[in-house]
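Dumped model-v9.txt below, it's compact mmCIF, C-alpha atoms and all ligand atoms:
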# COMPACT_ATOMS: atom_id res chain seq x y z
CA MET A 130 73.68 104.31 170.99
CA ALA A 131 73.59 105.38 167.31
CA ALA A 132 69.78 105.39 167.27
CA ASN A 133 69.83 107.42 170.43
CA ALA A 134 72.21 110.00 169.00
CA ASN A 135 70.06 110.20 165.87
CA GLU A 136 66.92 110.76 167.93
CA GLN A 137 68.73 113.47 169.90
CA THR A 138 69.71 115.20 166.67
CA GLN A 139 66.15 115.06 165.33
CA GLU A 140 64.85 116.47 168.59
CA ALA A 141 67.50 119.19 168.54
CA LEU A 142 66.51 120.08 164.97
CA ILE A 143 62.82 120.25 165.85
CA LEU A 144 63.67 122.52 168.76
CA SER A 145 65.80 124.80 166.65
CA PHE A 146 63.11 125.08 163.95
CA LEU A 147 60.49 125.83 166.60
CA SER A 148 62.64 128.41 168.37
CA GLU A 149 63.47 130.12 165.06
CA SER A 150 59.73 130.57 164.54
CA GLY A 151 59.37 132.22 167.95
CA SER A 152 55.69 132.70 168.76
CA ASP A 153 54.58 131.64 165.25
CA TYR A 154 53.36 128.11 164.55
CA THR A 155 55.32 125.69 162.37
CA SER A 156 53.17 123.21 160.52
CA GLY A 157 53.69 119.48 160.99
CA GLU A 158 54.11 119.25 157.23
CA ALA A 159 56.90 121.85 157.19
CA LEU A 160 58.69 119.99 159.98
CA SER A 161 58.34 116.63 158.28
CA ASN A 162 59.66 118.10 154.99
CA LYS A 163 62.63 119.76 156.68
CA LEU A 164 63.54 116.60 158.58
CA GLY A 165 62.63 114.07 155.89
CA LEU A 166 60.36 112.28 158.39
CA SER A 167 56.72 111.22 158.38
CA ARG A 168 54.20 113.40 160.25
CA THR A 169 53.80 110.55 162.74
CA ALA A 170 57.54 110.44 163.37
CA VAL A 171 57.56 114.22 163.97
CA TRP A 172 54.68 113.85 166.41
CA LYS A 173 56.61 111.09 168.29
CA HIS A 174 59.64 113.36 168.65
CA VAL A 175 57.40 116.17 169.89
CA GLU A 176 55.94 113.78 172.48
CA ALA A 177 59.47 112.77 173.55
CA LEU A 178 60.40 116.43 173.96
CA ARG A 179 57.27 117.06 176.02
CA ALA A 180 58.23 114.17 178.27
CA LYS A 181 61.54 115.98 178.86
CA GLY A 182 59.73 119.09 180.04
CA TYR A 183 59.45 121.14 176.84
CA ARG A 184 56.05 122.75 176.52
CA ILE A 185 55.07 122.46 172.89
CA GLU A 186 51.63 123.64 171.88
CA ALA A 187 49.90 121.82 169.00
CA VAL A 188 46.94 123.44 167.24
CA SER A 189 45.22 121.68 164.38
CA ALA A 190 45.60 123.34 160.98
CA ARG A 191 48.35 125.60 162.38
CA GLY A 192 51.04 123.31 163.75
CA TYR A 193 53.47 123.40 166.65
CA ARG A 194 54.81 126.21 168.83
CA LEU A 195 57.50 126.13 171.53
CA VAL A 196 56.09 127.70 174.68
CA ALA A 197 58.60 126.87 177.41
CA VAL A 198 61.98 125.19 177.72
CA PRO A 199 62.94 123.27 180.88
CA ASP A 200 65.99 124.47 182.80
CA ARG A 201 68.03 121.33 182.41
CA LEU A 202 71.67 120.92 181.57
CA THR A 203 71.55 118.49 178.64
CA ALA A 204 73.02 119.16 175.19
CA LEU A 205 69.54 120.11 173.98
CA GLU A 206 69.35 123.08 176.35
CA VAL A 207 73.00 124.15 176.66
CA GLY A 208 74.22 123.33 173.13
CA PRO A 209 72.35 126.07 171.22
CA LEU A 210 73.58 128.71 173.69
CA LEU A 211 77.27 127.75 173.50
CA ASP A 212 79.86 129.73 171.58
CA THR A 213 82.80 127.30 171.83
CA HIS A 214 84.79 125.16 169.42
CA ASP A 215 85.50 122.22 171.78
CA LEU A 216 84.31 122.85 175.30
CA GLY A 217 80.89 121.35 175.94
CA ARG A 218 80.43 120.22 172.33
CA THR A 219 80.03 116.74 173.85
CA ILE A 220 78.03 116.75 177.08
CA HIS A 221 77.70 113.63 179.23
CA HIS A 222 74.58 114.50 181.19
CA HIS A 223 73.50 112.48 184.25
CA GLU A 224 70.57 112.82 186.62
CA ALA A 225 72.81 111.79 189.51
CA LEU A 226 76.43 110.79 189.91
CA PRO A 227 78.60 110.29 192.97
CA SER A 228 81.01 112.86 191.50
CA THR A 229 81.36 114.36 188.01
CA ASN A 230 85.15 114.50 188.55
CA GLU A 231 85.31 110.75 189.09
CA LYS A 232 83.16 110.05 186.04
CA ALA A 233 85.20 112.44 183.89
CA PHE A 234 88.44 110.85 185.08
CA ARG A 235 87.23 107.40 183.99
CA LEU A 236 85.97 108.71 180.64
CA ALA A 237 89.33 110.41 180.02
CA GLN A 238 91.18 107.19 180.89
CA ASP A 239 88.98 105.50 178.27
CA GLY A 240 89.96 108.08 175.64
CA ALA A 241 87.40 110.90 175.92
CA GLU A 242 88.50 113.95 173.97
CA HIS A 243 89.59 117.44 174.92
CA GLY A 244 86.55 119.57 175.74
CA GLU A 245 84.13 116.82 176.68
CA VAL A 246 82.12 117.78 179.76
CA VAL A 247 80.37 115.69 182.40
CA VAL A 248 77.35 117.35 184.04
CA ALA A 249 75.13 116.03 186.81
CA GLU A 250 71.86 117.43 188.09
CA GLN A 251 72.87 116.04 191.48
CA GLN A 252 76.02 114.60 193.09
CA THR A 253 75.76 112.11 195.91
CA ALA A 254 79.45 112.30 196.86
CA GLY A 255 80.62 115.60 195.35
CA LYS A 256 84.28 116.14 196.15
CA GLY A 257 85.72 119.38 197.48
CA ARG A 258 89.33 120.33 198.03
CA ARG A 259 91.36 118.81 200.83
CA GLY A 260 89.06 115.81 201.25
CA ARG A 261 85.92 117.84 201.89
CA THR A 262 82.53 117.19 200.29
CA TRP A 263 80.69 119.50 197.91
CA VAL A 264 77.00 119.77 198.78
CA SER A 265 75.17 119.05 195.52
CA PRO A 266 71.34 118.95 195.81
CA PRO A 267 69.35 118.03 192.65
CA GLY A 268 68.19 120.45 189.96
CA LEU A 269 69.36 123.68 191.57
CA ASN A 270 72.98 124.33 190.75
CA LEU A 271 75.80 123.59 188.33
CA TYR A 272 78.17 120.67 188.86
CA PHE A 273 80.46 119.81 185.97
CA SER A 274 83.88 118.46 185.08
CA ALA A 275 85.69 119.41 181.90
CA ILE A 276 88.19 117.00 180.35
CA LEU A 277 91.19 118.96 179.07
CA ARG A 278 94.18 117.66 177.15
CA PRO A 279 96.52 120.66 177.11
CA ASP A 280 100.04 120.41 175.74
CA LEU A 281 101.69 121.31 179.07
CA PRO A 282 104.32 119.93 181.41
CA PRO A 283 102.62 118.55 184.56
CA GLN A 284 104.10 121.19 186.86
CA ARG A 285 102.12 123.85 185.00
CA ALA A 286 98.77 122.05 185.34
CA PRO A 287 97.81 123.94 188.57
CA GLU A 288 97.69 127.14 186.49
CA LEU A 289 94.54 125.75 184.88
CA THR A 290 92.75 126.15 188.20
CA LEU A 291 93.46 129.87 188.05
CA VAL A 292 92.28 129.98 184.44
CA ALA A 293 88.98 128.48 185.62
CA ALA A 294 88.75 130.84 188.61
CA VAL A 295 89.10 133.87 186.33
CA ALA A 296 86.41 132.57 183.96
CA LEU A 297 84.11 131.81 186.88
CA ALA A 298 84.50 135.20 188.55
CA GLU A 299 83.95 136.98 185.23
CA SER A 300 80.82 134.94 184.43
CA LEU A 301 79.38 135.73 187.84
CA ARG A 302 80.16 139.42 187.35
CA ASP A 303 78.45 139.28 183.96
CA ALA A 304 75.43 137.87 185.77
CA GLY A 305 75.38 141.00 187.94
CA VAL A 306 77.24 140.33 191.19
CA GLU A 307 80.54 141.51 192.66
CA ALA A 308 82.35 138.19 192.58
CA ALA A 309 85.95 137.93 193.76
CA ILE A 310 88.54 135.16 193.87
CA LYS A 311 89.88 133.94 197.18
CA TRP A 312 93.20 132.17 196.76
CA PRO A 313 93.65 129.64 195.40
CA ASN A 314 90.36 129.02 193.66
CA ASP A 315 87.29 129.84 195.70
CA VAL A 316 84.89 132.37 194.29
CA HIS A 317 83.06 134.59 196.73
CA ILE A 318 80.28 137.13 196.72
CA ASP A 319 80.42 139.55 199.68
CA GLY A 320 82.80 137.23 201.51
CA LEU A 321 80.53 134.16 201.09
CA LYS A 322 81.57 131.19 198.98
CA VAL A 323 79.53 130.72 195.81
CA ALA A 324 81.78 128.41 193.78
CA GLY A 325 84.77 126.10 194.03
CA ILE A 326 87.13 124.30 191.68
CA LEU A 327 88.75 120.89 192.05
CA THR A 328 91.44 120.13 189.49
CA GLU A 329 92.76 116.59 189.09
CA LEU A 330 95.65 115.47 186.96
CA SER A 331 96.81 112.37 185.14
CA ALA A 332 100.39 112.71 183.92
CA GLU A 333 103.78 111.16 183.47
CA PRO A 334 106.93 113.11 184.44
CA GLU A 335 107.21 115.02 181.15
CA ARG A 336 103.67 115.10 179.86
CA VAL A 337 100.09 115.73 180.93
CA HIS A 338 97.72 112.97 179.83
CA PHE A 339 94.67 114.93 180.84
CA VAL A 340 93.38 117.38 183.43
CA ILE A 341 89.93 117.28 184.96
CA VAL A 342 88.68 120.71 185.93
CA GLY A 343 85.69 120.20 188.23
CA VAL A 344 83.53 123.19 189.06
CA GLY A 345 80.63 123.57 191.45
CA VAL A 346 78.59 126.79 191.37
CA ASN A 347 75.72 127.44 193.74
CA LEU A 348 73.20 128.97 191.38
CA ASN A 349 69.74 128.46 192.90
CA SER A 350 70.40 127.01 196.36
CA GLN A 351 68.48 128.82 199.08
CA ALA A 352 69.51 128.93 202.74
CA GLU A 353 67.57 125.75 203.54
CA HIS A 354 69.52 123.80 200.91
CA PHE A 355 72.81 124.36 202.73
CA PRO A 356 73.65 122.26 205.77
CA GLU A 357 73.47 124.27 209.00
CA ALA A 358 77.26 124.39 209.28
CA LEU A 359 77.63 126.15 205.91
CA ARG A 360 74.86 128.72 206.20
CA ALA A 361 77.10 131.46 207.59
CA THR A 362 79.79 131.02 204.93
CA ALA A 363 78.04 129.98 201.71
CA THR A 364 75.76 131.72 199.25
CA SER A 365 74.30 131.28 195.78
CA LEU A 366 73.98 133.52 192.76
CA SER A 367 70.22 133.50 193.20
CA LEU A 368 70.48 134.58 196.84
CA ALA A 369 72.77 137.43 195.81
CA LEU A 370 70.54 138.54 192.92
CA GLY A 371 67.21 137.97 194.64
CA GLN A 372 65.86 136.04 191.64
CA PRO A 373 66.14 132.57 190.09
CA VAL A 374 69.02 131.83 187.75
CA HIS A 375 68.62 130.06 184.40
CA ARG A 376 71.20 127.29 184.75
CA ALA A 377 71.67 126.36 181.09
CA ARG A 378 72.29 129.99 180.16
CA PHE A 379 74.82 130.37 182.96
CA ALA A 380 76.57 127.12 182.05
CA ALA A 381 76.85 128.13 178.38
CA ALA A 382 78.22 131.57 179.28
CA LEU A 383 80.73 130.07 181.71
CA TRP A 384 82.00 127.42 179.30
CA THR A 385 82.33 130.02 176.56
CA ARG A 386 84.38 132.23 178.91
CA LEU A 387 86.42 129.28 180.11
CA GLU A 388 87.39 128.31 176.59
CA GLU A 389 88.31 131.92 175.71
CA TRP A 390 90.67 132.12 178.68
CA LEU A 391 92.01 128.64 178.01
CA ASP A 392 92.81 129.53 174.39
CA LEU A 393 94.56 132.72 175.47
CA TYR A 394 96.51 130.86 178.14
CA LEU A 395 97.62 128.09 175.78
CA ASP A 396 98.58 130.63 173.07
CA THR A 397 100.34 133.26 175.14
CA GLY A 398 101.19 131.74 178.55
CA PHE A 399 100.16 132.47 182.11
CA ASP A 400 100.87 136.24 182.32
CA ALA A 401 97.47 137.52 181.16
CA VAL A 402 95.65 135.04 183.40
CA ARG A 403 97.81 136.01 186.36
CA ALA A 404 97.16 139.71 185.81
CA ARG A 405 93.39 139.16 185.56
CA TRP A 406 93.41 136.82 188.57
CA LYS A 407 95.15 139.55 190.60
CA ALA A 408 92.62 142.15 189.52
CA LEU A 409 89.76 139.84 190.58
CA SER A 410 91.40 138.74 193.85
CA SER A 411 90.05 139.59 197.28
CA THR A 412 93.08 137.95 198.94
CA LEU A 413 95.97 140.11 197.83
CA GLY A 414 96.77 142.98 200.17
CA GLN A 415 94.96 141.24 203.04
CA ASP A 416 96.32 140.01 206.36
CA VAL A 417 95.83 136.26 206.19
CA LEU A 418 96.15 133.08 208.15
CA VAL A 419 97.19 130.24 205.83
CA ARG A 420 96.73 126.63 206.89
CA THR A 421 98.70 124.07 204.93
CA ASP A 422 99.13 120.37 205.63
CA ARG A 423 102.31 121.13 207.54
CA GLN A 424 101.99 124.57 209.08
CA GLU A 425 100.02 127.70 209.90
CA LEU A 426 101.35 130.94 208.58
CA ARG A 427 100.33 134.53 209.30
CA GLY A 428 101.21 137.51 207.21
CA ARG A 429 100.22 139.85 204.39
CA ALA A 430 99.20 138.20 201.11
CA GLU A 431 101.50 140.13 198.81
CA ASP A 432 101.32 138.52 195.40
CA ILE A 433 100.97 135.33 193.42
CA ASP A 434 104.12 134.16 191.68
CA PRO A 435 104.32 133.20 188.01
CA SER A 436 103.12 129.67 188.83
CA GLY A 437 100.14 130.75 190.94
CA ALA A 438 101.66 130.15 194.40
CA LEU A 439 100.65 132.67 197.09
CA LEU A 440 103.46 134.87 198.42
CA VAL A 441 102.96 135.81 202.07
CA ARG A 442 105.09 138.41 203.86
CA THR A 443 105.42 137.40 207.51
CA ALA A 444 105.75 139.81 210.44
CA GLU A 445 109.45 138.90 210.54
CA GLY A 446 109.79 140.15 206.98
CA SER A 447 110.40 136.85 205.15
CA LEU A 448 108.47 136.07 201.97
CA GLU A 449 106.90 132.59 202.13
CA ARG A 450 105.67 130.74 199.05
CA VAL A 451 102.49 128.70 199.62
CA LEU A 452 101.52 126.15 196.99
CA ALA A 453 98.40 124.65 198.57
CA GLY A 454 96.31 125.44 201.62
CA ASP A 455 93.35 127.28 203.04
CA VAL A 456 93.37 131.00 203.52
CA GLU A 457 91.49 132.86 206.21
CA GLN A 458 91.31 136.55 205.47
CA LEU A 459 91.79 138.28 208.78
CA ARG A 460 90.45 141.64 207.61
CA PRO A 461 88.16 141.00 204.66
CA ARG A 462 88.21 143.73 202.06
CA ARG A 463 84.81 144.79 200.75
C1 LIG B 501 86.20 123.24 196.68
O1 LIG B 501 86.39 122.56 197.69
O2 LIG B 501 86.04 124.45 196.74
C2 LIG B 501 86.11 122.58 195.32
C3 LIG B 501 84.72 122.14 195.01
C4 LIG B 501 84.59 121.49 193.64
C5 LIG B 501 83.21 120.89 193.44
C6 LIG B 501 82.99 120.42 192.05
S1 LIG B 501 81.30 120.02 191.74
C7 LIG B 501 81.72 119.29 190.21
C8 LIG B 501 83.02 118.56 190.42
N1 LIG B 501 82.77 117.20 190.88
C9 LIG B 501 83.21 117.01 192.12
O3 LIG B 501 83.10 115.94 192.75
N2 LIG B 501 83.77 118.13 192.59
C10 LIG B 501 83.75 119.19 191.61
Show me the file's structure as structure tokens.
Ligand code: BTN
Amino acid sequence: MAANANEQTQEALILSFLSESGSDYTSGEALSNKLGLSRTAVWKHVEALRAKGYRIEAVSARGYRLVAVPDRLTALEVGPLLDTHDLGRTIHHHEALPSTNEKAFRLAQDGAEHGEVVVAEQQTAGKGRRGRTWVSPPGLNLYFSAILRPDLPPQRAPELTLVAAVALAESLRDAGVEAAIKWPNDVHIDGLKVAGILTELSAEPERVHFVIVGVGVNLNSQAEHFPEALRATATSLSLALGQPVHRARFAAALWTRLEEWLDLYLDTGFDAVRARWKALSSTLGQDVLVRTDRQELRGRAEDIDPSGALLVRTAEGSLERVLAGDVEQLRPRR
């Protein structure tokens, strides 16, 4: 494990030296001096990086040059792009997992720290809300779970889902699309779902042990990657933009946003998040059909209350508070 971490650091250093030099060559001697390694050791690290998909040109008497970086979601690719203090500073990257939420939950039970993130290139049993599955084909999208240890009473933990929804919608807007939040935590582009959040909690009555915020974002899925049944309701950022999306860049921007909102929320409370959530919402003001475990409710989605519950005004005039459920917007707003 220690040797592995050391190798990772050496590789990360080589990459950062090479990217600093841009299109110029860095000599093997300069690299070996900077790293305190033999030329042969430098060459071995370069070979290891090549095996991971980095294209590194080597020209005798000139040295090495970084030509292309693979779009993977390891610490090597995401780390240098991150502007966070905790979130994503430790990345547990996996080629495939049943579910990043499950893995993160186990790591947190074993003592993983606030801000550690589990990422998978593929999930074989990705979990959605209300017992559904999250379609997670390899190498195309972003599937991650953040381990958070906020100082909050457990009843406030659901607010973290709205914190994540705001960060997600803003990151998608920064990427150039009109993303909106559909209560409670789906993110849509033009009425089609692009991302979802699954928050899981471990707590005792007075205290949160940890919260797992699991996020799936369809970044590069094309129509054929969605099962038939989802094609009319799902989309991806790439489909909306008409071009491929660089996943590591998106992940770094999203985690940076997420930590900014999280810091603000933990410092000042839920009000700013709630106000931003409302501004980004496509649900409020709409006539909706809400399905909960116990009932179906029709009415006008009027507001979210200070805890994030949806307030629905029924035709009879009563105001109903909905904590969890699925919303169908009867007249989608564009
Ligand atoms: C939803 O139903 O909208 C929530 C989907 C959440 C999916 C993400 S993908 C990463 C994380 N791991 C999981 O198993 N689920 C969440």
If you take all atoms listed in the file and a cut-off of 8 Å, which residues of chain A touch ligand LIG 501 (chain B), and what are their nearest atom pairs and distances in Å to one decimal, in chain and number order, as a Markdown table?
| residue | atom | partner | partner_atom | distance |
| --- | --- | --- | --- | --- |
| A:Pro227 | CA | B:LIG501 | O3 | 7.2 |
| A:Ser228 | CA | B:LIG501 | O3 | 3.9 |
| A:Thr229 | CA | B:LIG501 | N1 | 4.3 |
| A:Asn230 | CA | B:LIG501 | N1 | 4.3 |
| A:Glu231 | CA | B:LIG501 | O3 | 6.7 |
| A:Val248 | CA | B:LIG501 | C7 | 7.8 |
| A:Gln252 | CA | B:LIG501 | O3 | 7.2 |
| A:Ala254 | CA | B:LIG501 | O3 | 6.6 |
| A:Gly255 | CA | B:LIG501 | O3 | 3.6 |
| A:Lys256 | CA | B:LIG501 | O3 | 3.6 |
| A:Gly257 | CA | B:LIG501 | O1 | 3.3 |
| A:Arg258 | CA | B:LIG501 | O1 | 3.7 |
| A:Arg259 | CA | B:LIG501 | O1 | 7.0 |
| A:Arg261 | CA | B:LIG501 | O1 | 6.3 |
| A:Thr262 | CA | B:LIG501 | O1 | 7.1 |
| A:Trp263 | CA | B:LIG501 | C5 | 5.3 |
| A:Ser265 | CA | B:LIG501 | S1 | 7.3 |
| A:Leu271 | CA | B:LIG501 | S1 | 7.4 |
| A:Tyr272 | CA | B:LIG501 | C7 | 4.0 |
| A:Phe273 | CA | B:LIG501 | C7 | 4.5 |
| A:Ser274 | CA | B:LIG501 | C8 | 5.4 |
| A:Asn314 | CA | B:LIG501 | O2 | 7.0 |
| A:Asp315 | CA | B:LIG501 | O2 | 5.6 |
| A:Ala324 | CA | B:LIG501 | O2 | 6.5 |
| A:Gly325 | CA | B:LIG501 | O2 | 3.4 |
| A:Ile326 | CA | B:LIG501 | C2 | 4.2 |
| A:Leu327 | CA | B:LIG501 | C4 | 4.5 |
| A:Val342 | CA | B:LIG501 | C8 | 7.5 |
| A:Gly343 | CA | B:LIG501 | C8 | 3.8 |
| A:Val344 | CA | B:LIG501 | C6 | 4.1 |
| A:Gly345 | CA | B:LIG501 | S1 | 3.6 |
| A:Val346 | CA | B:LIG501 | S1 | 7.3 |
>> Between atom CA of Ala453 of chain A and atom CA of Arg427 of chain A, what is the distance in Å, rounded to a tenth?
In response: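 Rounded to one decimal, the two atoms are 14.7 Å apart.
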> Which residue, A:Val451, A:Ala275, A:Val264, A:Leu164, has the smallest gap to His221 of chain A when you use all atoms listed in the file?
Replying inline: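 So, comparing all the options, the nearest one is A:Ala275.
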>> Given all atoms listed in the file as the basis, pick out the residue of A:Arg429, A:His338, A:Arg378, A:Arg191 nearest to Leu301 of chain A.
In response: A:Arg378
> atom CA of Ala369 of chain A and atom CA of Glu353 of chain A, how far apart in Å?
Replying inline: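 Atom-to-atom, atom CA of Glu353 of chain A to atom CA of Ala369 of chain A, that is 14.9 Å.
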Could you work out an axis-aligned bounding box for all listed atoms of segment 242-252 of chain A, with 4 Å added on each of the six sides, and give its centre and edge lengths in Å to one decimal, as AutoDock Vina command-line options?
--center_x 80.7 --center_y 116.8 --center_z 183.5 --size_x 25.7 --size_y 13.6 --size_z 27.1
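With all atoms listed in the file as the atoms that count, the minimum distance from Tyr154 of chain A to the choices A:Glu176, A:Glu186, A:Glu288, A:Asp392 is reached by A:Glu186.
Shell of segment 267-269 of chain A at 7 Å, with all atoms listed in the file counted and residues fewer than 4 places along the chain excluded, is Glu250, Gln251, Leu348, Asn349 and Ser350 of chain A.
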> Do you know which residues lie at most 10 Å from (83.7, 132.4, 183.7), with coordinates as in the file and only C-alpha atoms counted, and could you write them as a list in words?
Replying inline: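 The residues that fall inside the cut-off are Val292, Ala293, Ala294, Val295, Ala296, Leu297, Ala298, Glu299, Ser300, Leu301, Arg302, Asp303, Phe379, Ala380, Ala381, Ala382, Leu383, Trp384, Thr385, Arg386, Leu387, Glu388, Glu389 and Trp390 of chain A.
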Generate the output file for the selected residues, C-alpha atoms, as a CSV table (one decimal), in the frame of the given file.
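Written output follows (result.csv):
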chain,number,residue,atom,x,y,z
A,292,VAL,CA,92.3,130.0,184.4
A,293,ALA,CA,89.0,128.5,185.6
A,294,ALA,CA,88.8,130.8,188.6
A,295,VAL,CA,89.1,133.9,186.3
A,296,ALA,CA,86.4,132.6,184.0
A,297,LEU,CA,84.1,131.8,186.9
A,298,ALA,CA,84.5,135.2,188.6
A,299,GLU,CA,84.0,137.0,185.2
A,300,SER,CA,80.8,134.9,184.4
A,301,LEU,CA,79.4,135.7,187.8
A,302,ARG,CA,80.2,139.4,187.4
A,303,ASP,CA,78.4,139.3,184.0
A,379,PHE,CA,74.8,130.4,183.0
A,380,ALA,CA,76.6,127.1,182.0
A,381,ALA,CA,76.8,128.1,178.4
A,382,ALA,CA,78.2,131.6,179.3
A,383,LEU,CA,80.7,130.1,181.7
A,384,TRP,CA,82.0,127.4,179.3
A,385,THR,CA,82.3,130.0,176.6
A,386,ARG,CA,84.4,132.2,178.9
A,387,LEU,CA,86.4,129.3,180.1
A,388,GLU,CA,87.4,128.3,176.6
A,389,GLU,CA,88.3,131.9,175.7
A,390,TRP,CA,90.7,132.1,178.7
> Looking at all atoms listed in the file, which of A:Leu418, A:Leu142, A:Leu359, A:Val188 is the one that sits closest to Gly165 of chain A?
Replying inline: A:Leu142
